[in-house]
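Take a look at the structure set out below.
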Amino acid sequence: MDLRLPSKVLEHILSFVDSNEDRNSVSLVCKSWFETERRTRKRVIVRNCYAVTPAAVARRFPEMKSLTLKGKPHFADYNLVPDGWGGYVWPWIEAMAAKCPSLEELRLKRMVVTDECLEKIAASFKDFKVLVLTSCEGFSTDGLAAIAVACRNLRELELRECIVEDIGGDWLSYFPETLTSLVSLDFSCLDSEVKLSDLERLLSRSPNLKSLKLNRAVSLDALGSLLRLAPQLVELGTGSFSDKLDQEAVAKLSQAFSELKELKSLSGLWDVLPEYIPLLYSVCPGLTSLNLSYATVQMSDLVELITRCSNLQKLWVMDLIEDKGLEVVASSCKELRELRVFPSGAGLDETNVAMTEQGLVYVSEACPNLESVLYFCVQFTNTAMVTIARNRPNLKCFRLCVMEPFAPDHKTQKPLDEGFKAIVERCKDLQRLSVSGLLTDKAFEYIGTHGKKLRMLSIAFAGDSDLMLHHLLSGCESLNKLEIRDCPFGDTALLENAAKLKTMRSLWMSSCCVSFGACKLLSQKMPKLNVEVIDEHPLETRPDSSPVERIYIYRTLAGPRLDMPEFVWTIHKNPEIGVSHLAIK
Amino acid sequence: MFVEKMDEFVNLKATELRLGLPGTDNVCEQRVSCNSNSNKRALQPDAENEIESSTMKTPPRKAQIVGWPPVRSYRKNSIQTKKNESDGESQGIYVKVSMDGAPYLRKIDLSCYKGYSDLLKALELMFKFSVGEYSERDGYRGSDFVPTYEDKDGDWMLIGDVPWEMFESNCKRLRIMKGSEARCLGSGV
């Protein structure tokens with residue numbers, strides 16, 4: 001009796017399986033399940049573009065409709081990865097154009113995208129619908145024009161915090177009059193002005209537009225007429241909020257805002273003047289997401305808005321909110337799930353002292369659903385962290401950035417070990433953690449012991465010795481991404497825990513104490529890992545004992561990549577240098 | 001704080017449980033050489049400041065650290081643009097502030113403060129100390145710390161002696177002195 005599920009039946013069952021995690025499990029059951037799964041997967045996610053070749057992915061998933069790719073390591077966001085390191089999307093577009101021409105959606109993060117790439121997308125994928133670029137660079141507004149003119153069924157075009165060579169606002173005018181399918185448009189990161197009339201016409205013929213994020217150059221005056229054309233918006237990113245308007249214009253704008261009955265998310269608000277804050281009152285009760293992180297207004301004005309946002313789930317704000325303001329958040333926003341507080345000062349010297357650890361304690365006390373925190377603060381205390389952990393054992397993401405490197409508990413002068421211990425001990429579902437402040441090896445012993453669900457960990461200026469890394473690599477079972485800068489350890493812990501690296505997506509270490517010899521050794525021992533030494537100023541002779549500036553290690557099926565710049569070294573590129581006498585047992 | 005920490009470290013070294021392989025180098029030495037090799041790090045330490053921890057950790061100069069605090073350049077640039085726009089008229093009077101015993105400097109904008117009490121309160125908060133009582137005759141009494149500044153002539157003066165506006169235009173940098181040196185300067189002639 002044939003016990004195999006007929007593939008048609010399996011296909012039908014799989015049409016209900018959305019999660020790629022589940023699909024990955026399905027593909028491991030047996031060969032026929034692997035085959036059926038791969039032929040039916042529509043949404044492909046590759047979280048490290050160098051972990052696998054474009055050709056292999058295209059071959060495996062011929063019915064791919066949506067591709068998500070991530071390129072540079074996370075620390076590239078903070079300028080720790082030199083320009084030219086890699087993350088080029090071109091080979092992927094080439095491969096997909098050849099093998100998966102029915103691709104409709106492309107979502108890229110931290111990748112280099114050129115105008116050529118955008119032109120190829122426009123030319124190759126007849127039914128292209130979605131382009132979302134996050135923290136990408138390498139293209140100009142000309143590339144955008146190519147997408148606009150060719151993609152007749154475009155639904156989403158989102159540029160999130162990209163670095164774009166801005167040649168002018170003309171690109172918007174390239175959307176054909178026949179394009180009526182737009183659902184989401186985000187050009188908030190562009191500098192130059194688009195023609196208001198082009199934008200108005202686009203909005204008039206986009207009845208399905210749900211999300212619109214304007215750039216700073218769109219004036220407050222213009223906003224009024226745009227909102228009147230799109231009252232169905234669910235997400236709005238305003239432009240600059242600071243022009244001087246006359247009474248009539250203000251009244252009109254106020255009216256326009258009150259017509260936004262579906263609005264759930266508000267952002268932008270650059271340079272918002274306090275006198276315009278009341279314009280937003282009408283939309284506040286409906287908001288679930290509010291991004292005030294570019295609004296340089298004082299606490300009293302911020303509070304006026306926040307008291308009215310009783311349904312808020314996500315709040316991004318600057319430390320101008322102060323402890324007092326966070327107390328108001330605590331009492332008004334009971335549904336809060338995610339809080340991010342960014343520093344208002346451009347440098348460490350200009351931080352707002354009226355915001356301390358107390359603000360976060362207030363919110364942790366009063367908001368039962370709080371599960372994700374990003375908090376920049378000048379200093380912190382262990383007691384505060386213990387309280388927060390006790391209040392919120394449901395935390396999933398806790399990123400604390402104490403801005404003074406090596407800052408101890410400012411009340412007791414002790415390291416912040418005990419505070420982070422409480423966090424990892426109590427928050428059993430914690431998946432992402434960023435630590436800072438003065439930390440000894442003990443902190444990492446605690447993290448290794450308790451952080452069993454931890455997937456991503458970021459560390460800077462911490463620890464005393466190799467023990468720190470050893471605790472983490474041997475203790476954190478679910479560890480997937482580890483990024484470390486300026487910590488005093490290297491070789492021994494790395495080599496001892498080499499096998500662990502195969503179970504992780506990647507490890508980044510910069511300005512630590514990893515020697516060139518250890519990198520070579522690791523590279524030789526672990527062929528399924530790419531061990532990249534990123535050194536802009538290597539010594540002429542490069543002895544084994546010389547420390548490397550940065551090391552980026554990731555598991556890969558693709559072998560060494562072929563697009564490495566001069567300053568990236570892997571053993572595959574330079575195998576001639578002999579093995580040192582240091583041997584691993 | 002740093003001195004204590006280093007002492008602790010040194011004393012424990014002998015009994016430290018290490019995972020090191022036989023013949024591997026001292027982690028500390030590696031650490032120091034790491035710092036000196038890294039070109040991305042801070043400028044040379046200011047000769048004025050004693051850094052007790054120079055044998056072990058060399059805490060980086062705050063103003064010079066690449067990628068710290070970890071804020072995306074996009075966000076940093078947005079805030080910077082805003083600052084440049086609003087700083088149209090007054091440029092701000094930025095001076096460095098050092099405190100004896102503290103490993104790094106701060107920078108403050110004197111034009112942000114209305115007068116001496118405002119300034120001193122801010123410094124006390126920033127460096128976690130108190131200045132004691134000021135009197136024209138006796139200087140600062142009741143504290144180990146004395147706030148001083150270097151004027152345009154290169155002389156070290158006691159903060160508070162001259163009118164605020166004169167201080168603002170003459171001050172090159174601040175130094176919070178500690179200990180005996182402070183007492184000499186602080187208690188007048």
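Starting from 1 in every chain, residues are counted up; chains themselves are A, B, ... following the order of the structure tokens, and ligands are numbered from 1 as listed.
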
- Task: Give me the residues within 9 Å of Asp221 (chain A) as a PyMOL selection string, counting only C-alpha atoms and dropping any in the same chain fewer than 6 places off.
- Result: chain A and resi 243-245+249-250+253

Those same residues, written as an mmCIF file, in the first residue's frame with N, CA and C atoms?
data_model
loop_
_atom_site.group_PDB
_atom_site.id
_atom_site.type_symbol
_atom_site.label_atom_id
_atom_site.label_comp_id
_atom_site.auth_asym_id
_atom_site.auth_seq_id
_atom_site.Cartn_x
_atom_site.Cartn_y
_atom_site.Cartn_z
ATOM 1 N N ASP A 243 5.707 75.446 8.315
ATOM 2 C CA ASP A 243 5.476 76.711 7.602
ATOM 3 C C ASP A 243 4.462 77.544 8.362
ATOM 4 N N LYS A 244 4.549 78.833 8.135
ATOM 5 C CA LYS A 244 3.575 79.728 8.756
ATOM 6 C C LYS A 244 2.324 79.752 7.887
ATOM 7 N N LEU A 245 1.234 79.349 8.473
ATOM 8 C CA LEU A 245 -0.016 79.349 7.710
ATOM 9 C C LEU A 245 -0.942 80.412 8.248
ATOM 10 N N ALA A 249 -5.963 78.749 6.230
ATOM 11 C CA ALA A 249 -5.239 77.537 5.865
ATOM 12 C C ALA A 249 -5.208 76.564 7.032
ATOM 13 N N VAL A 250 -5.030 77.110 8.230
ATOM 14 C CA VAL A 250 -5.004 76.252 9.414
ATOM 15 C C VAL A 250 -6.351 75.558 9.588
ATOM 16 N N LEU A 253 -6.724 72.830 7.085
ATOM 17 C CA LEU A 253 -5.881 71.684 7.404
ATOM 18 C C LEU A 253 -6.491 70.870 8.540
#

- Task: Just the residues within 7 Å of region 514-530 of chain A, please, counting only C-alpha atoms, with nothing from its chain fewer than 5 positions along; format it as a PyMOL selection string.
- Result: chain A and resi 489-491+495+502+544-548+553-557+559-560+571+579-580

- Message: If we count only C-alpha atoms and set the cut-off at 8 Å, which residues sit around region 115-131 of chain B, ignoring sequence neighbours fewer than 4 positions away in its own chain? Please answer as a PyMOL selection string.
- Response: chain B and resi 99+110+140-147+159-160+164

- Task: Name all residues at most 8 Å from Lys213 (chain A) (count only C-alpha atoms; drop same-chain ones fewer than 6 positions away) and give them as an MDAnalysis selection string.
- Result: chainID A and resid 185:188 235:239 267:268

- Compile the contact shell of Ala389 (chain A) as a count of residues only: residues with an atom at most 7 Å away, counting only C-alpha atoms, same-chain residues fewer than 4 positions apart removed. 6

- Item | Which of region 129-167 of chain A fall in strand (DSSP E or B), as a PyMOL selection string | chain A and resi 130-134+137-140+156-160+163-165

Keeping only N, CA and C atoms, take the residues you just selected and write them out as a compact mmCIF listing (two decimals), in the first residue's frame.
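Result file is result_0.txt:
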# COMPACT_ATOMS: atom_id res chain seq x y z
N VAL A 130 5.66 45.20 -5.99
CA VAL A 130 6.10 45.74 -4.71
C VAL A 130 7.61 45.90 -4.67
N LEU A 131 8.06 47.13 -4.36
CA LEU A 131 9.48 47.37 -4.14
C LEU A 131 9.64 48.09 -2.82
N VAL A 132 10.25 47.43 -1.85
CA VAL A 132 10.49 48.03 -0.54
C VAL A 132 11.98 47.98 -0.27
N LEU A 133 12.59 49.15 -0.18
CA LEU A 133 14.04 49.23 0.06
C LEU A 133 14.28 49.88 1.41
N THR A 134 14.92 49.15 2.31
CA THR A 134 15.20 49.66 3.65
C THR A 134 16.70 49.79 3.82
N GLU A 137 21.27 51.74 -0.65
CA GLU A 137 21.98 52.87 -1.22
C GLU A 137 22.47 52.47 -2.60
N GLY A 138 22.95 53.48 -3.34
CA GLY A 138 23.58 53.17 -4.62
C GLY A 138 22.76 53.58 -5.83
N PHE A 139 21.54 54.05 -5.59
CA PHE A 139 20.71 54.42 -6.73
C PHE A 139 20.35 55.91 -6.68
N SER A 140 19.81 56.38 -7.79
CA SER A 140 19.41 57.79 -7.85
C SER A 140 17.92 57.86 -8.19
N GLU A 156 3.24 48.93 -4.36
CA GLU A 156 3.99 49.54 -3.26
C GLU A 156 5.36 49.98 -3.71
N LEU A 157 5.69 51.23 -3.39
CA LEU A 157 7.03 51.73 -3.60
C LEU A 157 7.45 52.42 -2.32
N GLU A 158 8.33 51.79 -1.56
CA GLU A 158 8.71 52.34 -0.27
C GLU A 158 10.21 52.44 -0.14
N LEU A 159 10.68 53.66 0.16
CA LEU A 159 12.09 53.89 0.38
C LEU A 159 12.26 54.29 1.84
N ARG A 160 12.75 53.34 2.63
CA ARG A 160 12.83 53.59 4.07
C ARG A 160 14.27 53.88 4.43
N ILE A 163 19.78 55.91 1.20
CA ILE A 163 20.63 57.02 0.77
C ILE A 163 20.53 57.08 -0.74
N VAL A 164 19.83 58.09 -1.22
CA VAL A 164 19.52 58.17 -2.64
C VAL A 164 20.19 59.39 -3.24
N GLU A 165 20.79 59.21 -4.39
CA GLU A 165 21.35 60.36 -5.08
C GLU A 165 20.17 61.11 -5.69

- Message: Could you check the closest approach to chain A for each of B:Arg173, B:Lys107, B:Lys178, B:Lys96 and tell me which residue wins, using only C-alpha atoms?
- Response: B:Lys107

- Write out as a PyMOL selection string which residues come within 10 Å of Val353 (chain A) when counting only C-alpha atoms, dropping same-chain ones fewer than 6 positions away. (chain A and resi 319-320+322-323+377-379) or (chain B and resi 122+125-126)

Selected residues, all heavy atoms, written as an mmCIF file, in the first residue's frame, please.
data_model
loop_
_atom_site.group_PDB
_atom_site.id
_atom_site.type_symbol
_atom_site.label_atom_id
_atom_site.label_comp_id
_atom_site.auth_asym_id
_atom_site.auth_seq_id
_atom_site.Cartn_x
_atom_site.Cartn_y
_atom_site.Cartn_z
ATOM 1 N N ASP A 319 14.186 61.729 23.511
ATOM 2 C CA ASP A 319 14.274 61.872 24.967
ATOM 3 C C ASP A 319 13.785 63.231 25.451
ATOM 4 O O ASP A 319 13.744 63.497 26.651
ATOM 5 C CB ASP A 319 15.701 61.585 25.467
ATOM 6 C CG ASP A 319 16.731 62.508 24.842
ATOM 7 O OD1 ASP A 319 16.339 63.499 24.200
ATOM 8 O OD2 ASP A 319 17.940 62.214 24.976
ATOM 9 N N LEU A 320 13.360 64.068 24.515
ATOM 10 C CA LEU A 320 12.743 65.345 24.900
ATOM 11 C C LEU A 320 11.470 65.092 25.688
ATOM 12 O O LEU A 320 10.945 65.993 26.330
ATOM 13 C CB LEU A 320 12.392 66.156 23.650
ATOM 14 C CG LEU A 320 13.584 66.534 22.767
ATOM 15 C CD1 LEU A 320 13.111 67.059 21.430
ATOM 16 C CD2 LEU A 320 14.417 67.588 23.481
ATOM 17 N N GLU A 322 11.189 63.294 28.278
ATOM 18 C CA GLU A 322 11.567 63.321 29.695
ATOM 19 C C GLU A 322 10.774 62.313 30.533
ATOM 20 O O GLU A 322 9.774 61.746 30.075
ATOM 21 C CB GLU A 322 11.360 64.726 30.280
ATOM 22 C CG GLU A 322 12.180 65.768 29.574
ATOM 23 C CD GLU A 322 12.002 67.165 30.149
ATOM 24 O OE1 GLU A 322 11.347 67.310 31.196
ATOM 25 O OE2 GLU A 322 12.527 68.102 29.540
ATOM 26 N N ASP A 323 11.201 62.113 31.744
ATOM 27 C CA ASP A 323 10.527 61.154 32.633
ATOM 28 C C ASP A 323 9.055 61.523 32.811
ATOM 29 O O ASP A 323 8.178 60.669 32.794
ATOM 30 C CB ASP A 323 11.210 61.129 34.006
ATOM 31 C CG ASP A 323 12.562 60.451 33.951
ATOM 32 O OD1 ASP A 323 12.832 59.732 32.964
ATOM 33 O OD2 ASP A 323 13.364 60.635 34.878
ATOM 34 N N CYS A 377 19.694 56.280 26.932
ATOM 35 C CA CYS A 377 19.666 57.019 28.193
ATOM 36 C C CYS A 377 21.114 57.287 28.592
ATOM 37 O O CYS A 377 21.998 56.507 28.274
ATOM 38 C CB CYS A 377 18.975 56.154 29.230
ATOM 39 S SG CYS A 377 18.467 57.048 30.693
ATOM 40 N N VAL A 378 21.346 58.384 29.295
ATOM 41 C CA VAL A 378 22.717 58.705 29.653
ATOM 42 C C VAL A 378 23.281 57.701 30.644
ATOM 43 O O VAL A 378 24.445 57.324 30.605
ATOM 44 C CB VAL A 378 22.812 60.131 30.226
ATOM 45 C CG1 VAL A 378 24.235 60.439 30.653
ATOM 46 C CG2 VAL A 378 22.368 61.145 29.194
ATOM 47 N N GLN A 379 22.424 57.259 31.552
ATOM 48 C CA GLN A 379 22.887 56.305 32.557
ATOM 49 C C GLN A 379 21.706 55.523 33.097
ATOM 50 O O GLN A 379 20.562 55.860 32.805
ATOM 51 C CB GLN A 379 23.562 57.048 33.692
ATOM 52 C CG GLN A 379 22.657 58.093 34.268
ATOM 53 C CD GLN A 379 23.411 59.263 34.855
ATOM 54 O OE1 GLN A 379 24.634 59.327 34.789
ATOM 55 N NE2 GLN A 379 22.691 60.176 35.451
ATOM 56 N N ALA B 122 24.619 72.540 36.505
ATOM 57 C CA ALA B 122 24.736 71.614 35.374
ATOM 58 C C ALA B 122 25.991 70.763 35.496
ATOM 59 O O ALA B 122 25.975 69.550 35.253
ATOM 60 C CB ALA B 122 24.751 72.390 34.065
ATOM 61 N N LEU B 125 25.602 68.085 38.132
ATOM 62 C CA LEU B 125 24.785 66.985 37.612
ATOM 63 C C LEU B 125 25.596 66.115 36.670
ATOM 64 O O LEU B 125 25.554 64.901 36.702
ATOM 65 C CB LEU B 125 23.598 67.561 36.837
ATOM 66 C CG LEU B 125 22.226 67.354 37.449
ATOM 67 C CD1 LEU B 125 21.245 68.330 36.820
ATOM 68 C CD2 LEU B 125 21.748 65.919 37.247
ATOM 69 N N MET B 126 26.353 66.758 35.833
ATOM 70 C CA MET B 126 27.113 66.068 34.796
ATOM 71 C C MET B 126 28.184 65.174 35.378
ATOM 72 O O MET B 126 28.406 64.058 34.928
ATOM 73 C CB MET B 126 27.790 67.122 33.914
ATOM 74 C CG MET B 126 27.786 66.793 32.445
ATOM 75 S SD MET B 126 28.631 68.084 31.535
ATOM 76 C CE MET B 126 27.286 68.879 30.739
#

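When only C-alpha atoms are used to measure the gap to Ala251 (chain A), the shortest distance among A:Tyr276, A:Phe444, A:Trp270, A:Phe175 belongs to A:Tyr276.
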
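Proximity to Glu445 (chain A) was assessed for A:Ala95, A:Leu339, A:Met468, A:Val424 counting only C-alpha atoms; the smallest distance is recorded for A:Met468.
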
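Minimum atom-to-atom distances from A:Arg228, A:Lys70, A:Arg550, A:Lys42 to Asp535 (chain A) were compared using only C-alpha atoms, and the lowest value belongs to A:Arg550.
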
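Take the candidates A:Asn382, A:Asn79, A:Gln232, A:Asn20 and check each one against Tyr74 (chain B) using only C-alpha atoms; the shortest distance goes to A:Asn79.
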
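Of the residues under consideration (B:Met166, B:Ile108, B:Ile79, B:Cys171), B:Ile108 shows the shortest atom-to-atom contact distance to Tyr94 (chain B) when counting only C-alpha atoms.
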
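Near Ala58 (chain A), within 8 Å and counting only C-alpha atoms, sit Met64, Ala95, Met96, Lys99 and Cys100 of chain A, not including residues fewer than 6 positions from it in the same chain.
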
Resulting file, chosen residues, N, CA, C and O atoms, as an mmCIF file, in the first residue's frame:
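Ended up saving to result.cif:
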data_model
loop_
_atom_site.group_PDB
_atom_site.id
_atom_site.type_symbol
_atom_site.label_atom_id
_atom_site.label_comp_id
_atom_site.auth_asym_id
_atom_site.auth_seq_id
_atom_site.Cartn_x
_atom_site.Cartn_y
_atom_site.Cartn_z
ATOM 1 N N MET A 64 8.500 31.433 -7.338
ATOM 2 C CA MET A 64 8.689 32.557 -6.429
ATOM 3 C C MET A 64 7.966 33.813 -6.910
ATOM 4 O O MET A 64 8.124 34.238 -8.043
ATOM 5 N N ALA A 95 19.626 36.734 -11.855
ATOM 6 C CA ALA A 95 19.192 35.347 -11.725
ATOM 7 C C ALA A 95 17.670 35.228 -11.753
ATOM 8 O O ALA A 95 17.115 34.360 -12.428
ATOM 9 N N MET A 96 17.002 36.113 -11.062
ATOM 10 C CA MET A 96 15.533 36.057 -11.038
ATOM 11 C C MET A 96 14.945 36.409 -12.391
ATOM 12 O O MET A 96 13.950 35.841 -12.825
ATOM 13 N N LYS A 99 15.298 33.189 -14.356
ATOM 14 C CA LYS A 99 14.592 31.975 -13.935
ATOM 15 C C LYS A 99 13.200 32.203 -13.379
ATOM 16 O O LYS A 99 12.364 31.315 -13.422
ATOM 17 N N CYS A 100 12.945 33.393 -12.802
ATOM 18 C CA CYS A 100 11.642 33.630 -12.167
ATOM 19 C C CYS A 100 11.023 34.927 -12.657
ATOM 20 O O CYS A 100 10.865 35.875 -11.879
#

- Can you list every residue in region 49-84 of chain A that DSSP puts in helix (DSSP H, G or I), as a list in words? Pro54, Ala55, Ala56, Val57, Ala58, Arg59, Arg60, His74, Phe75, Ala76, Asp77 and Tyr78 of chain A
